[in-house]
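Below: start.cif (mmCIF, C-alpha atoms and all ligand atoms)
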```cif
data_entry
loop_
_atom_site.label_atom_id
_atom_site.label_comp_id
_atom_site.auth_asym_id
_atom_site.auth_seq_id
_atom_site.Cartn_x
_atom_site.Cartn_y
_atom_site.Cartn_z
CA MET A 1 -13.56 6.19 -4.07
CA ALA A 2 -13.43 6.61 -0.30
CA LYS A 3 -13.46 10.12 1.09
CA ALA A 4 -10.55 11.45 3.12
CA LEU A 5 -11.33 12.02 6.75
CA SER A 6 -9.72 14.42 9.12
CA ARG A 7 -6.50 12.45 9.31
CA SER A 8 -3.61 14.30 7.76
CA CYS A 9 -0.93 12.59 5.68
CA GLN A 10 1.96 14.66 6.89
CA PRO A 11 4.67 13.70 7.55
CA CYS A 12 3.94 10.45 5.70
CA THR A 13 4.98 10.12 2.05
CA ALA A 14 4.92 6.32 1.92
CA CYS A 15 2.75 6.18 -1.20
CA CYS A 16 5.01 8.71 -2.97
CA ASP A 17 8.29 7.02 -2.17
CA GLY A 18 8.12 3.98 -4.42
CA TRP A 19 6.51 1.44 -2.12
CA LEU A 20 3.48 1.57 -4.38
CA GLN A 21 4.31 1.45 -8.06
CA ILE A 22 2.78 4.48 -9.68
CA LYS A 23 3.24 6.82 -12.61
CA VAL A 24 3.49 10.52 -11.82
CA SER A 25 3.25 12.72 -14.89
CA GLY A 26 4.59 9.84 -16.96
CA LEU A 27 7.45 9.10 -14.59
CA GLN A 28 7.59 5.60 -13.14
CA VAL A 29 7.92 5.45 -9.35
CA HIS A 30 8.88 2.12 -7.81
CA PRO A 31 10.85 0.65 -4.88
CA GLY A 32 14.18 2.44 -4.74
CA LYS A 33 12.92 5.24 -7.00
CA PRO A 34 10.70 7.69 -5.12
CA CYS A 35 8.75 10.46 -6.78
CA PRO A 36 11.20 13.34 -7.35
CA HIS A 37 8.69 15.74 -5.82
CA SER A 38 8.68 13.95 -2.47
CA THR A 39 10.62 15.66 0.29
CA GLY A 40 10.32 12.59 2.49
CA SER A 41 7.84 14.46 4.68
CA GLY A 42 5.59 16.14 2.09
CA CYS A 43 5.16 17.09 -1.55
CA ARG A 44 7.16 19.91 -3.12
CA ILE A 45 4.41 20.61 -5.65
CA TYR A 46 1.46 19.84 -3.39
CA ALA A 47 -0.85 22.54 -4.76
CA ALA A 48 -0.07 21.51 -8.33
CA ARG A 49 0.27 17.76 -7.86
CA PRO A 50 -1.44 15.61 -10.51
CA VAL A 51 -5.04 14.60 -9.84
CA ASP A 52 -4.28 11.12 -11.07
CA PRO A 53 -2.70 9.49 -9.19
CA CYS A 54 -1.86 12.00 -6.44
CA VAL A 55 -5.14 13.66 -5.48
CA ASN A 56 -7.28 10.56 -6.00
CA PHE A 57 -5.44 8.04 -3.90
CA ILE A 58 -6.24 7.50 -0.24
CA CYS A 59 -4.67 4.62 1.66
CA GLY A 60 -6.61 2.51 4.13
CA TRP A 61 -5.26 4.43 7.11
CA LYS A 62 -6.65 7.69 5.77
CA MET A 63 -10.02 6.45 4.58
CA GLU A 64 -13.17 7.61 6.27
CA GLY A 65 -14.14 5.16 8.99
CA SER A 66 -10.74 3.48 8.93
CA ALA A 67 -10.34 0.82 11.59
CA LEU A 68 -6.59 1.34 11.63
CA PRO A 69 -5.26 2.98 14.80
CA ASP A 70 -3.17 6.14 14.63
CA TRP A 71 0.11 4.26 15.02
CA MET A 72 -0.64 2.33 11.82
CA GLN A 73 0.02 5.41 9.69
CA PRO A 74 2.20 4.01 6.91
CA HIS A 75 5.41 5.92 7.57
CA ASN A 76 5.27 4.79 11.20
CA ALA A 77 3.96 1.21 10.92
CA LYS A 78 5.95 0.60 7.71
CA VAL A 79 2.97 -0.80 5.84
CA ILE A 80 0.44 0.58 3.36
CA PHE A 81 -2.98 -0.99 3.82
CA LEU A 82 -5.26 -1.24 0.78
CA PRO A 83 -8.68 -2.57 1.81
CA ASN A 84 -11.18 -4.42 -0.37
CA GLN A 85 -8.90 -5.06 -3.32
CA THR A 86 -10.80 -8.14 -4.41
CA VAL A 87 -13.20 -10.80 -3.15
CA TRP A 88 -12.60 -14.46 -2.40
CA ARG A 89 -15.70 -16.66 -1.91
CA ASN A 90 -17.66 -13.59 -0.84
CA PHE A 91 -15.03 -12.53 1.69
CA PRO A 92 -13.31 -9.17 1.20
CA VAL A 93 -9.59 -9.41 0.48
CA ASP A 94 -7.29 -6.70 1.83
CA VAL A 95 -3.75 -6.05 0.65
CA ALA A 96 -0.78 -4.86 2.70
CA VAL A 97 2.44 -3.62 1.10
CA PRO A 98 5.60 -2.98 3.11
CA VAL A 99 7.25 0.42 3.40
CA GLY A 100 10.72 -1.02 3.21
CA LYS A 101 11.63 -4.64 2.72
CA ARG A 102 9.04 -6.31 4.89
CA ILE A 103 6.13 -5.49 7.18
CA PRO A 104 7.35 -5.28 10.79
CA PRO A 105 5.93 -7.90 13.20
CA ARG A 106 3.82 -5.48 15.26
CA ALA A 107 1.99 -4.19 12.19
CA LEU A 108 1.63 -7.64 10.64
CA ASN A 109 0.20 -9.05 13.87
CA TRP A 110 -2.32 -6.23 13.99
CA LEU A 111 -3.38 -6.86 10.38
CA GLN A 112 -3.70 -10.60 10.90
CA GLN A 113 -5.81 -10.14 14.02
CA PHE A 114 -7.96 -7.59 12.20
CA ALA A 115 -8.49 -10.06 9.34
CA GLN A 116 -9.34 -12.90 11.69
CA SER A 117 -11.74 -10.90 13.86
CA ASN A 118 -13.61 -9.46 10.89
CA ASN A 119 -13.78 -12.45 8.54
CA ARG A 120 -11.48 -10.80 6.04
CA MET A 121 -8.70 -12.28 3.91
CA LEU A 122 -5.25 -10.73 3.82
CA LEU A 123 -2.59 -10.73 1.13
CA TYR A 124 0.72 -9.18 2.12
CA SER A 125 4.07 -8.90 0.52
CA GLN A 126 7.79 -8.63 0.98
CA GLN A 127 9.93 -6.63 -1.43
CA ILE A 128 12.54 -8.64 -3.30
CA ALA A 129 16.00 -7.10 -3.40
CA GLU A 130 18.91 -8.29 -5.53
CA ALA A 131 22.50 -7.24 -4.88
CA GLY A 132 21.23 -4.69 -2.38
CA THR A 133 18.80 -3.08 -4.83
CA PHE A 134 15.05 -3.37 -4.75
CA THR A 135 13.48 -5.04 -7.76
CA ASN A 136 9.89 -4.37 -8.78
CA ARG A 137 8.90 -7.82 -7.60
CA GLN A 138 7.48 -9.06 -4.33
CA ARG A 139 6.94 -12.29 -2.49
CA VAL A 140 3.29 -12.65 -1.58
CA ALA A 141 1.85 -14.40 1.45
CA ALA A 142 -1.79 -15.11 2.24
CA TYR A 143 -3.43 -15.04 5.66
CA GLY A 144 -6.77 -16.76 6.01
CA PRO A 145 -8.27 -20.25 5.88
CA PRO A 146 -6.22 -23.11 4.37
CA ASP A 147 -8.22 -23.05 1.11
CA PHE A 148 -7.47 -19.37 0.66
CA GLN A 149 -3.78 -19.90 1.38
CA ARG A 150 -3.62 -22.82 -1.04
CA GLU A 151 -5.40 -20.99 -3.85
CA MET A 152 -3.26 -17.88 -3.43
CA ALA A 153 -0.06 -19.95 -3.36
CA GLU A 154 -1.10 -21.49 -6.69
CA ARG A 155 -2.06 -18.15 -8.16
CA PHE A 156 1.22 -16.52 -7.18
CA ALA A 157 3.42 -19.55 -7.77
CA ASP A 158 5.29 -18.02 -10.72
CA GLY A 159 6.58 -15.23 -8.46
CA ASN A 160 5.70 -12.62 -11.05
CA VAL A 161 3.57 -10.59 -8.71
CA ASN A 162 3.40 -7.10 -7.42
CA LEU A 163 0.69 -6.11 -4.99
CA GLY A 164 1.75 -2.48 -4.95
CA VAL A 165 0.95 -1.54 -8.53
CA ILE A 166 -1.62 1.21 -8.65
CA ASP A 167 -3.26 1.72 -12.02
CA ASN A 168 -3.73 5.35 -12.82
CA GLY A 169 -7.39 6.03 -13.17
CA ALA A 170 -8.32 3.36 -10.65
CA GLN A 171 -6.68 4.05 -7.34
CA ASN A 172 -3.82 6.38 -6.67
CA PRO A 173 -1.32 7.95 -4.25
CA ALA A 174 -1.29 11.29 -2.54
CA THR A 175 0.38 13.11 0.24
CA GLY A 176 0.10 16.32 2.14
CA SER A 177 -3.08 17.97 3.42
S1 LIG B 1 -2.33 8.49 1.59
FE1 LIG B 1 -0.13 8.15 1.27
S2 LIG B 1 0.90 9.86 2.32
FE2 LIG B 1 -1.23 9.77 3.08
S3 LIG B 1 -1.10 8.54 4.95
FE3 LIG B 1 -1.61 7.15 3.24
S4 LIG B 1 0.36 6.34 2.50
FE4 LIG B 1 0.79 8.14 3.78
S1 LIG B 2 1.78 13.81 -4.15
FE1 LIG B 2 2.33 13.06 -6.19
S2 LIG B 2 3.74 14.60 -7.01
FE2 LIG B 2 3.66 14.90 -4.81
S3 LIG B 2 5.36 13.68 -3.98
FE3 LIG B 2 3.51 12.37 -3.93
S4 LIG B 2 3.57 11.21 -5.84
FE4 LIG B 2 4.97 12.98 -6.09
#
```
Go through the file and emit its structure as structure tokens.
Amino acid sequence: MAKALSRSCQPCTACCDGWLQIKVSGLQVHPGKPCPHSTGSGCRIYAARPVDPCVNFICGWKMEGSALPDWMQPHNAKVIFLPNQTVWRNFPVDVAVPVGKRIPPRALNWLQQFAQSNNRMLLYSQQIAEAGTFTNRQRVAAYGPPDFQREMAERFADGNVNLGVIDNGAQNPATGS
């Protein structure tokens, strides 16, 4: 688990507000259903928030040594970056989940350039909404060499994908500090 650095979450609550799918004290949080303890700029129960997922999770912007610039803080850039989620042919694969329906062009361009310059693969998603309501599903796109794109397209062909699911006990969300 990466250590938090001096960056402070506030006023970001992107990982509390349903853009990552998490369980907080047994309550499912998903797109369109934020954690009830989120104020939109902090956590109402910060001192007593659950360890798992809330204390344990650190997004890629907040990790020690993060390459992401200040403006890429999730509430501002509208993307949550999750580095090193898997490996493809010995290349690290990063994941980017939108805060909202899709990742805005400025943030997506930054992530794609970062992937290209550092020999990293990128999977990123777009939230699927139906009748104006977010579902728990996403469309996934791959950025990298043609083989990577082809393999990911095959893997995600059934559309039953969600890159923003955080398993409690593995990697989790937090806010505040
Ligand atoms: S850990 Fe969560 S609240 Fe903190 S900056 Fe990252 S997404 Fe925002
Ligand atoms: S830190 Fe945890 S309890 Fe607090 S708002 Fe975020 S998800 Fe909810």
Exercise. Within 12 Å of ligand LIG 2 (chain B), which residues show up when you count only C-alpha atoms and all ligand atoms? List them as number ranges by chain, please.
Key: A: 9-30, 33-58, 166, 168, 172-177
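Taking only C-alpha atoms into account, A:Ala153 lies nearest to A:Val140 out of the set A:Leu108, A:Leu82, A:Val140, A:Val95.
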Quiz prompt | Spatial neighbours of A:Ser6, max dist 12 Å, only C-alpha atoms, sep filter under 4 positions, as a PyMOL selection string | solution = chain A and resi 10+61-66+70+177
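Using only C-alpha atoms, the smallest distance between any of A:Ala67, A:Ala77, A:Val87, A:Thr135 and A:Asn118 comes from A:Ala67.
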